[in-house]
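Structure data (compact mmCIF, C-alpha atoms) from my_file-v2.txt:
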```
# COMPACT_ATOMS: atom_id res chain seq x y z
CA MET A 14 138.35 55.91 169.60
CA THR A 15 139.96 56.87 166.30
CA GLU A 16 138.61 59.66 164.11
CA GLY A 17 137.60 57.24 161.38
CA ASN A 18 135.42 55.32 163.82
CA PHE A 19 133.46 58.36 164.95
CA VAL A 20 130.37 58.32 162.75
CA ASP A 21 127.69 60.82 163.78
CA TYR A 22 125.59 61.14 160.61
CA VAL A 23 123.81 58.30 158.81
CA LYS A 24 121.05 58.12 156.21
CA MET A 25 119.00 54.97 155.71
CA HIS A 26 115.83 53.61 154.17
CA VAL A 27 113.40 51.90 156.55
CA SER A 28 110.44 49.75 155.56
CA SER A 29 107.87 48.16 157.84
CA GLY A 30 105.91 44.99 156.98
CA ASN A 31 102.62 44.59 155.14
CA GLY A 32 99.63 43.51 157.19
CA GLY A 33 98.41 40.02 156.32
CA LYS A 34 95.06 39.76 154.57
CA GLY A 35 92.05 38.30 156.32
CA SER A 36 90.66 34.92 155.29
CA ALA A 37 87.30 34.50 153.53
CA HIS A 38 87.11 30.79 154.41
CA LEU A 39 83.78 29.01 154.94
CA HIS A 40 83.64 26.22 157.47
CA ARG A 41 83.18 22.74 155.97
CA GLU A 42 82.80 19.59 158.05
CA LYS A 43 81.18 16.20 157.43
CA TYR A 44 78.23 16.53 159.80
CA ILE A 45 77.90 20.33 159.68
CA ALA A 46 76.08 21.28 156.50
CA LYS A 47 76.40 25.03 156.86
CA GLY A 48 79.33 25.84 159.12
CA GLY A 49 79.36 29.49 158.11
CA PRO A 50 82.30 31.89 157.81
CA ASP A 51 85.34 31.17 159.94
CA GLY A 52 88.10 33.10 158.22
CA GLY A 53 90.70 34.47 160.64
CA ASP A 54 92.40 37.86 160.74
CA GLY A 55 95.69 38.68 159.10
CA GLY A 56 98.75 39.31 161.24
CA ARG A 57 100.22 42.76 161.85
CA GLY A 58 103.22 43.78 159.80
CA GLY A 59 106.49 44.25 161.65
CA HIS A 60 107.56 47.65 162.97
CA VAL A 61 110.96 49.28 162.53
CA ILE A 62 111.91 50.40 166.03
CA LEU A 63 114.83 52.53 167.22
CA ARG A 64 116.09 51.65 170.69
CA GLY A 65 118.48 53.61 172.90
CA ASN A 66 121.66 51.82 173.97
CA SER A 67 123.99 53.53 176.44
CA ASN A 68 126.84 51.19 175.46
CA LEU A 69 127.06 52.75 171.99
CA TRP A 70 128.98 55.98 171.41
CA THR A 71 128.76 56.40 167.63
CA LEU A 72 126.67 55.32 164.64
CA ILE A 73 129.52 53.35 163.05
CA HIS A 74 127.56 50.08 163.26
CA LEU A 75 124.98 51.64 160.92
CA LYS A 76 127.46 53.20 158.50
CA PHE A 77 126.94 50.53 155.83
CA LYS A 78 123.41 49.48 156.83
CA LYS A 79 121.44 51.44 154.25
CA HIS A 80 118.19 49.44 154.28
CA VAL A 81 116.19 48.06 157.20
CA LYS A 82 113.12 45.93 156.48
CA ALA A 83 110.67 44.40 158.93
CA GLY A 84 108.76 41.17 158.29
CA HIS A 85 105.34 40.92 156.68
CA GLY A 86 102.31 39.70 158.60
CA SER A 87 100.94 36.27 157.69
CA HIS A 88 97.48 35.81 156.21
CA GLY A 89 94.57 34.61 158.28
CA SER A 90 93.32 31.05 157.88
CA SER A 91 90.37 28.81 158.68
CA GLY A 92 89.07 28.18 162.15
CA ARG A 93 89.34 31.89 162.95
CA SER A 94 93.11 31.46 163.09
CA THR A 95 94.94 34.76 163.16
CA GLY A 96 98.08 35.02 161.05
CA ALA A 97 101.42 35.52 162.74
CA ASP A 98 102.67 39.08 163.21
CA GLY A 99 105.64 40.14 161.13
CA GLU A 100 109.03 40.29 162.82
CA ASP A 101 109.87 43.69 164.29
CA MET A 102 113.27 45.10 163.37
CA TYR A 103 115.19 46.84 166.17
CA VAL A 104 117.90 49.36 165.40
CA GLU A 105 120.18 50.14 168.34
CA VAL A 106 121.33 53.76 168.52
CA PRO A 107 123.42 55.72 171.05
CA LEU A 108 121.75 58.14 173.42
CA GLY A 109 121.48 61.62 171.96
CA THR A 110 120.45 60.43 168.47
CA VAL A 111 118.13 62.83 166.64
CA VAL A 112 115.93 61.25 163.96
CA ARG A 113 114.82 63.32 160.97
CA ASP A 114 112.64 62.66 157.96
CA SER A 115 115.16 63.00 155.13
CA GLU A 116 112.63 64.31 152.62
CA THR A 117 111.06 67.05 154.78
CA ASP A 118 114.01 67.58 157.16
CA THR A 119 111.59 67.62 160.09
CA ILE A 120 112.67 66.17 163.43
CA LEU A 121 110.63 63.07 164.26
CA PHE A 122 111.99 62.41 167.75
CA GLU A 123 115.16 62.04 169.81
CA ILE A 124 116.43 59.04 171.75
CA THR A 125 117.76 60.14 175.14
CA GLU A 126 117.19 57.26 177.58
CA GLU A 127 118.53 53.74 177.94
CA GLY A 128 116.07 51.22 176.50
CA GLU A 129 113.80 53.92 175.06
CA GLU A 130 111.94 52.54 172.03
CA ARG A 131 110.35 54.61 169.28
CA ILE A 132 108.62 53.33 166.15
CA VAL A 133 109.98 55.00 163.01
CA ALA A 134 108.02 52.90 160.50
CA GLU A 135 104.76 51.33 161.69
CA GLY A 136 103.74 47.93 160.38
CA GLY A 137 100.42 47.63 158.53
CA MET A 138 97.43 46.25 160.42
CA GLY A 139 96.17 42.83 159.42
CA GLY A 140 92.86 42.61 157.58
CA ARG A 141 89.81 41.23 159.35
CA GLY A 142 88.51 37.79 158.40
CA ASN A 143 85.03 37.21 157.01
CA TRP A 144 83.58 36.00 160.32
CA HIS A 145 83.62 39.63 161.48
CA PHE A 146 81.13 40.57 158.79
CA LYS A 147 78.38 37.99 159.27
CA ASN A 148 75.01 39.21 160.53
CA SER A 149 71.35 38.31 160.28
CA VAL A 150 71.14 39.76 156.80
CA ASN A 151 74.47 38.56 155.42
CA GLN A 152 75.06 35.19 157.01
CA THR A 153 77.67 33.96 154.55
CA PRO A 154 80.06 36.80 153.66
CA ARG A 155 82.53 35.67 151.07
CA TYR A 156 84.91 38.56 151.44
CA ALA A 157 87.55 39.72 153.93
CA GLN A 158 89.72 42.78 154.39
CA PRO A 159 93.12 43.05 152.78
CA GLY A 160 96.01 44.00 155.05
CA ILE A 161 97.16 47.61 155.31
CA PRO A 162 100.28 48.21 153.19
CA LEU A 163 103.71 48.79 154.67
CA GLU A 164 105.18 52.19 155.53
CA GLU A 165 108.55 53.22 154.17
CA ARG A 166 110.61 56.36 154.47
CA TYR A 167 114.12 57.72 154.33
CA ILE A 168 115.47 58.87 157.68
CA THR A 169 118.58 60.68 158.84
CA LEU A 170 120.23 59.85 162.15
CA GLU A 171 122.29 62.62 163.76
CA LEU A 172 124.24 62.01 166.92
CA LYS A 173 124.50 64.83 169.42
CA VAL A 174 127.11 63.84 171.98
CA LEU A 175 125.84 63.92 175.55
CA ALA A 176 128.56 65.38 177.77
CA ASP A 177 128.73 67.45 180.93
CA VAL A 178 131.43 69.84 179.73
CA GLY A 179 132.07 70.92 176.14
CA LEU A 180 135.38 72.50 175.16
CA VAL A 181 135.05 75.53 172.88
CA GLY A 182 137.92 77.40 171.30
CA PHE A 183 139.90 78.34 168.26
CA PRO A 184 142.15 75.75 166.59
CA ASN A 185 145.35 75.08 168.54
CA ALA A 186 143.94 76.53 171.76
CA GLY A 187 144.96 73.42 173.70
CA LYS A 188 141.60 71.64 173.92
CA SER A 189 142.93 68.22 172.93
CA THR A 190 145.90 68.58 175.27
CA LEU A 191 143.61 69.43 178.18
CA LEU A 192 141.38 66.44 177.40
CA SER A 193 144.37 64.10 177.23
CA VAL A 194 145.65 65.34 180.61
CA LEU A 195 142.32 65.24 182.49
CA THR A 196 141.09 61.95 181.00
CA SER A 197 142.38 58.72 179.48
CA ALA A 198 141.37 59.84 175.99
CA LYS A 199 144.11 59.90 173.35
CA PRO A 200 143.13 62.65 170.90
CA LYS A 201 145.44 63.62 168.07
CA ILE A 202 147.75 66.47 169.12
CA ALA A 203 149.96 68.41 166.71
CA ASP A 204 151.27 71.94 166.15
CA TYR A 205 148.99 72.81 163.22
CA GLU A 206 145.42 73.98 163.03
CA PHE A 207 142.38 71.70 162.81
CA THR A 208 144.23 68.73 164.27
CA THR A 209 140.91 67.57 165.69
CA LEU A 210 138.50 66.67 162.89
CA LYS A 211 136.08 64.60 164.96
CA PRO A 212 134.74 65.12 168.50
CA ASN A 213 136.54 63.26 171.28
CA LEU A 214 135.04 62.18 174.57
CA GLY A 215 136.76 61.55 177.86
CA ILE A 216 135.74 60.78 181.44
CA VAL A 217 137.24 63.07 184.07
CA GLU A 218 137.81 61.22 187.33
CA TYR A 219 136.99 63.20 190.43
CA ARG A 220 137.15 62.56 194.14
CA ASP A 221 135.39 59.62 195.83
CA PHE A 222 135.13 57.67 192.57
CA GLN A 223 132.92 60.33 191.00
CA SER A 224 133.32 61.48 187.41
CA PHE A 225 131.93 63.63 184.62
CA VAL A 226 132.18 63.56 180.83
CA MET A 227 134.14 66.10 178.80
CA ALA A 228 133.85 66.57 175.02
CA ASP A 229 136.55 68.06 172.79
CA ILE A 230 134.92 69.72 169.77
CA PRO A 231 136.87 70.65 166.60
CA GLY A 232 137.97 74.28 166.65
CA ILE A 233 135.78 77.03 165.27
CA ILE A 234 136.99 80.28 163.74
CA GLU A 235 135.48 83.64 162.94
CA GLY A 236 133.22 83.30 159.91
CA ALA A 237 132.20 79.71 160.61
CA ALA A 238 128.64 80.77 159.76
CA GLU A 239 129.82 81.33 156.18
CA GLY A 240 131.45 77.92 156.07
CA LYS A 241 135.01 78.93 156.98
CA GLY A 242 137.13 76.29 158.66
CA LEU A 243 134.93 73.32 159.55
CA GLY A 244 131.82 75.48 159.74
CA TYR A 245 129.11 74.57 162.21
CA TYR A 246 129.00 70.88 161.40
CA PHE A 247 130.21 69.73 164.82
CA LEU A 248 128.66 72.42 166.99
CA ARG A 249 125.55 70.30 167.47
CA HIS A 250 127.66 68.15 169.80
CA ILE A 251 127.81 70.89 172.44
CA GLU A 252 124.09 71.60 172.34
CA ARG A 253 123.69 68.78 174.87
CA ASN A 254 126.50 69.95 177.19
CA SER A 255 125.71 71.46 180.56
CA ILE A 256 128.75 73.75 180.68
CA LEU A 257 130.68 75.44 177.89
CA LEU A 258 134.37 75.69 178.74
CA PHE A 259 136.07 78.31 176.58
CA LEU A 260 139.79 77.77 176.05
CA ILE A 261 141.86 80.78 175.00
CA PRO A 262 145.66 80.55 174.86
CA ALA A 263 147.68 82.96 176.96
CA ASP A 264 149.63 84.11 173.88
CA ALA A 265 146.47 85.33 172.13
CA LYS A 266 146.65 88.94 170.95
CA ASP A 267 143.41 89.85 172.71
CA ILE A 268 141.82 87.30 175.06
CA VAL A 269 138.63 89.31 175.50
CA GLU A 270 138.21 89.75 171.76
CA GLN A 271 138.68 86.04 171.10
CA TYR A 272 136.08 85.19 173.71
CA GLU A 273 133.59 87.61 172.17
CA ILE A 274 134.20 86.13 168.68
CA LEU A 275 133.58 82.60 169.95
CA GLU A 276 130.49 83.75 171.85
CA ASP A 277 129.15 85.49 168.73
CA GLU A 278 129.66 82.37 166.57
CA LEU A 279 127.71 80.30 169.08
CA ARG A 280 124.95 82.90 169.13
CA ARG A 281 124.72 82.85 165.34
CA TYR A 282 124.51 79.07 165.36
CA ASN A 283 121.91 78.82 168.12
CA PRO A 284 121.07 81.72 170.47
CA GLU A 285 119.91 79.27 173.14
CA MET A 286 123.49 78.09 173.61
CA LEU A 287 124.27 81.36 175.36
CA ASP A 288 121.83 80.35 178.10
CA LYS A 289 124.28 77.66 179.20
CA GLU A 290 126.81 78.19 181.95
CA ARG A 291 130.13 79.41 180.60
CA PHE A 292 133.62 79.44 182.03
CA VAL A 293 136.84 80.73 180.50
CA VAL A 294 140.22 79.03 180.82
CA VAL A 295 143.38 80.84 179.83
CA SER A 296 145.53 77.93 178.66
CA LYS A 297 149.31 77.71 178.17
CA SER A 298 149.74 80.06 181.14
CA ASP A 299 153.10 78.49 181.99
CA MET A 300 154.49 80.95 179.44
CA LEU A 301 153.52 83.86 181.71
CA ASP A 302 155.48 85.20 184.64
CA ASP A 303 153.66 86.51 187.70
CA GLU A 304 153.83 90.13 186.61
CA LEU A 305 152.40 89.48 183.15
CA LYS A 306 149.73 87.21 184.57
CA SER A 307 148.71 89.96 186.99
CA GLU A 308 148.43 92.49 184.14
CA ILE A 309 146.24 90.13 182.08
CA ALA A 310 144.06 89.40 185.12
CA THR A 311 143.48 93.13 185.59
CA ILE A 312 142.26 93.43 182.00
CA LEU A 313 140.06 90.37 182.28
CA ASP A 314 138.51 91.54 185.55
CA LYS A 315 137.53 94.74 183.81
CA ASP A 316 136.38 93.60 180.35
CA LEU A 317 135.67 89.86 180.37
CA LYS A 318 132.00 89.06 181.01
CA ALA A 319 132.65 85.61 182.44
CA ASN A 320 134.56 83.90 185.23
CA TYR A 321 138.03 82.71 184.29
CA MET A 322 141.06 80.76 185.45
CA PHE A 323 144.70 80.36 184.40
CA ILE A 324 145.91 76.82 183.71
CA SER A 325 148.67 74.93 181.96
CA SER A 326 147.99 71.42 180.74
CA VAL A 327 151.64 70.69 180.00
CA ALA A 328 152.95 72.02 183.33
CA GLN A 329 149.96 70.56 185.24
CA GLN A 330 149.09 73.95 186.72
CA GLY A 331 145.60 74.75 187.96
CA LEU A 332 144.06 71.45 186.84
CA THR A 333 142.84 70.37 190.27
CA GLU A 334 141.26 73.78 190.82
CA LEU A 335 139.64 73.53 187.40
CA LYS A 336 138.09 70.15 188.20
CA ASP A 337 136.82 71.49 191.53
CA THR A 338 135.24 74.48 189.78
CA LEU A 339 133.58 72.39 187.07
CA TRP A 340 132.28 69.87 189.60
CA LYS A 341 130.77 72.64 191.69
CA MET A 342 129.15 74.21 188.61
CA LEU A 343 127.70 70.87 187.53
CA ASN A 344 126.21 70.14 190.93
CA ASP A 345 124.94 73.64 191.68
```
Is it possible to express this structure as structure tokens?
Amino acid sequence: MTEGNFVDYVKMHVSSGNGGKGSAHLHREKYIAKGGPDGGDGGRGGHVILRGNSNLWTLIHLKFKKHVKAGHGSHGSSGRSTGADGEDMYVEVPLGTVVRDSETDTILFEITEEGEERIVAEGGMGGRGNWHFKNSVNQTPRYAQPGIPLEERYITLELKVLADVGLVGFPNAGKSTLLSVLTSAKPKIADYEFTTLKPNLGIVEYRDFQSFVMADIPGIIEGAAEGKGLGYYFLRHIERNSILLFLIPADAKDIVEQYEILEDELRRYNPEMLDKERFVVVSKSDMLDDELKSEIATILDKDLKANYMFISSVAQQGLTELKDTLWKMLND
């Protein structure tokens, strides 16, 4: 999936249908002098319904769909005939889509399951026909209810990627390289910062035809809370990850310090993210000889408050052990 095709934020206007008005018809027939009221009810207006679809990964199909309108209910007619309901409009969205009211910024609901349906704009009820209102006192009502008007609102759809493992790290830490080696994903890889501008997903194949999903999130830097780098815009994608995999390159000046900076940025974004399981990977470790690796391990054993592992994506070192560790963490 190319970066331009990854759309995770869409605003749209949704409008349900008006309810049909009830009929005030009076029955007329050749041999029935006073047939009485027989006006039928109006039909319900159509709903606008969001439906979860596990085959969708982004909101690109809604990028240029700015207005969604459901059908209006038909009016009631004679013979107590109820008008037809308005056509419901279904909007397919990927799992993990959060729906907000654009005007109040309140979260309405989230779609998390295949086939889950939620009404975002409810169609108006049809009005009742005049036959509902006849009684011993008023035997010939010449009035009926109008239909309830439509409901319209502006909504914002935000996609939070559902993945098992989310990669966290500074720019150029090797996240995209690791994803490309462990999965069939083809993220952009280059020797400059912020190569990844959109999240990338990949499926890691494990033993016995088992697998898990890994997400590569654009790099964050110190000060992201103040808008530096790409800010926090993409961090919502790792809120739905089970494990946070921190990648820190072996040539970093201070591995422990970098981990603490990343951890602090996550805490400032959402303190609950620190409740997730975390694991640290020291990437690009093919640059280290055994003696230097041993010295770094001694420091990490003492100061790093997380489990860690040395790997090299390019040299294919430690990748099998990494998959075994992640699989065990996911299933424990």
Would you mind listing what lies within 8 Å of A:Gly109 as a compact mmCIF listing (two decimals) with C-alpha atoms, keeping the file's coordinate frame, with all atoms listed in the file counted and same-chain residues fewer than 2 positions away left out?
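The file below, part_4.txt, is the result:
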```
# COMPACT_ATOMS: atom_id res chain seq x y z
CA PRO A 107 123.42 55.72 171.05
CA VAL A 111 118.13 62.83 166.64
CA GLU A 123 115.16 62.04 169.81
CA ILE A 124 116.43 59.04 171.75
CA THR A 125 117.76 60.14 175.14
CA LEU A 172 124.24 62.01 166.92
CA LYS A 173 124.50 64.83 169.42
CA VAL A 174 127.11 63.84 171.98
CA LEU A 175 125.84 63.92 175.55
```
Query raised in the report: Pick the closest to A:Gly99 from A:Lys82, A:Lys24, A:His40, A:Arg113: which is it, counting all atoms listed in the file?
Result: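 Using all atoms listed in the file, A:Gly99 sits closest to A:Lys82.
Comparing the minimum interatomic distances between A:Arg131 and each of A:Ala83, A:Val61, A:Leu343, A:Ile312, counting only C-alpha atoms, we find that A:Val61 sits nearest.
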Query raised in the report: Which residues come within 7 Å of A:Gly65, counting only C-alpha atoms, excluding same-chain residues fewer than 3 positions away, as JSON, numbers by chain?
Result: {"A": [105, 106, 107, 108, 124, 125, 126, 127, 128, 129, 130]}
Query raised in the report: In Å, with one decimal, what is the gap from atom CA of A:Phe122 to atom CA of A:Leu170?
Result: 10.3 Å
Query raised in the report: Residues at most 12 Å from A:Asp288, counting only C-alpha atoms, excluding those fewer than 5 positions away in the same chain, as a PyMOL selection string?
Result: chain A and resi 252+254-257+276+279-280+283
Query - Atomic separation - atom CA of A:Ile268 relative to atom CA of A:Val217, Å - result: 26.3 Å
Query raised in the report: Skipping near chain neighbours, those fewer than 2 positions away, what residues fall within 12 Å of A:Thr117 using only C-alpha atoms, listed as a VMD selection string?
Result: chain A and resid 112 to 115 119 to 121 166 to 169
Query raised in the report: With distances taken over all atoms listed in the file, which of A:Gly52, A:Val27, A:Gly140, A:Leu163 is nearest to A:Val104?
Result: A:Val27
Query raised in the report: Counting only C-alpha atoms, which of A:Asp21, A:Glu42, A:Glu164, A:Asp229 gets nearest to A:Trp70?
Result: A:Asp21
Report task. Find the residue from A:Asn213, A:Gly55, A:His38, A:Thr190 that sits nearest to A:Thr71; use all atoms listed in the file when measuring. Result -> A:Asn213
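Taking all atoms listed in the file into account, A:Glu270 lies nearest to A:Leu317 out of the set A:Gly187, A:Leu317, A:Asp299, A:Lys306.
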Query raised in the report: What is the atom CA of A:Arg64-atom CA of A:His88 distance in Å, reported with one decimal?
Result: 28.4 Å
Please put the answer as JSON: centre and edge lengths, in Å with one decimal, of a box along x, y and z that encloses all listed atoms of stretch 33-48 of chain A plus 4 Å on each side.
```
{"center_x": 87.2, "center_y": 28.1, "center_z": 156.7, "size_x": 30.3, "size_y": 31.8, "size_z": 14.3}
```
Report task. Write out as a VMD selection string the residues lying within 10 Å of A:Leu332, counting all atoms listed in the file and excluding same-chain residues fewer than 5 positions away. Result -> chain A and resid 191 194 to 195 322 to 326 337 to 338
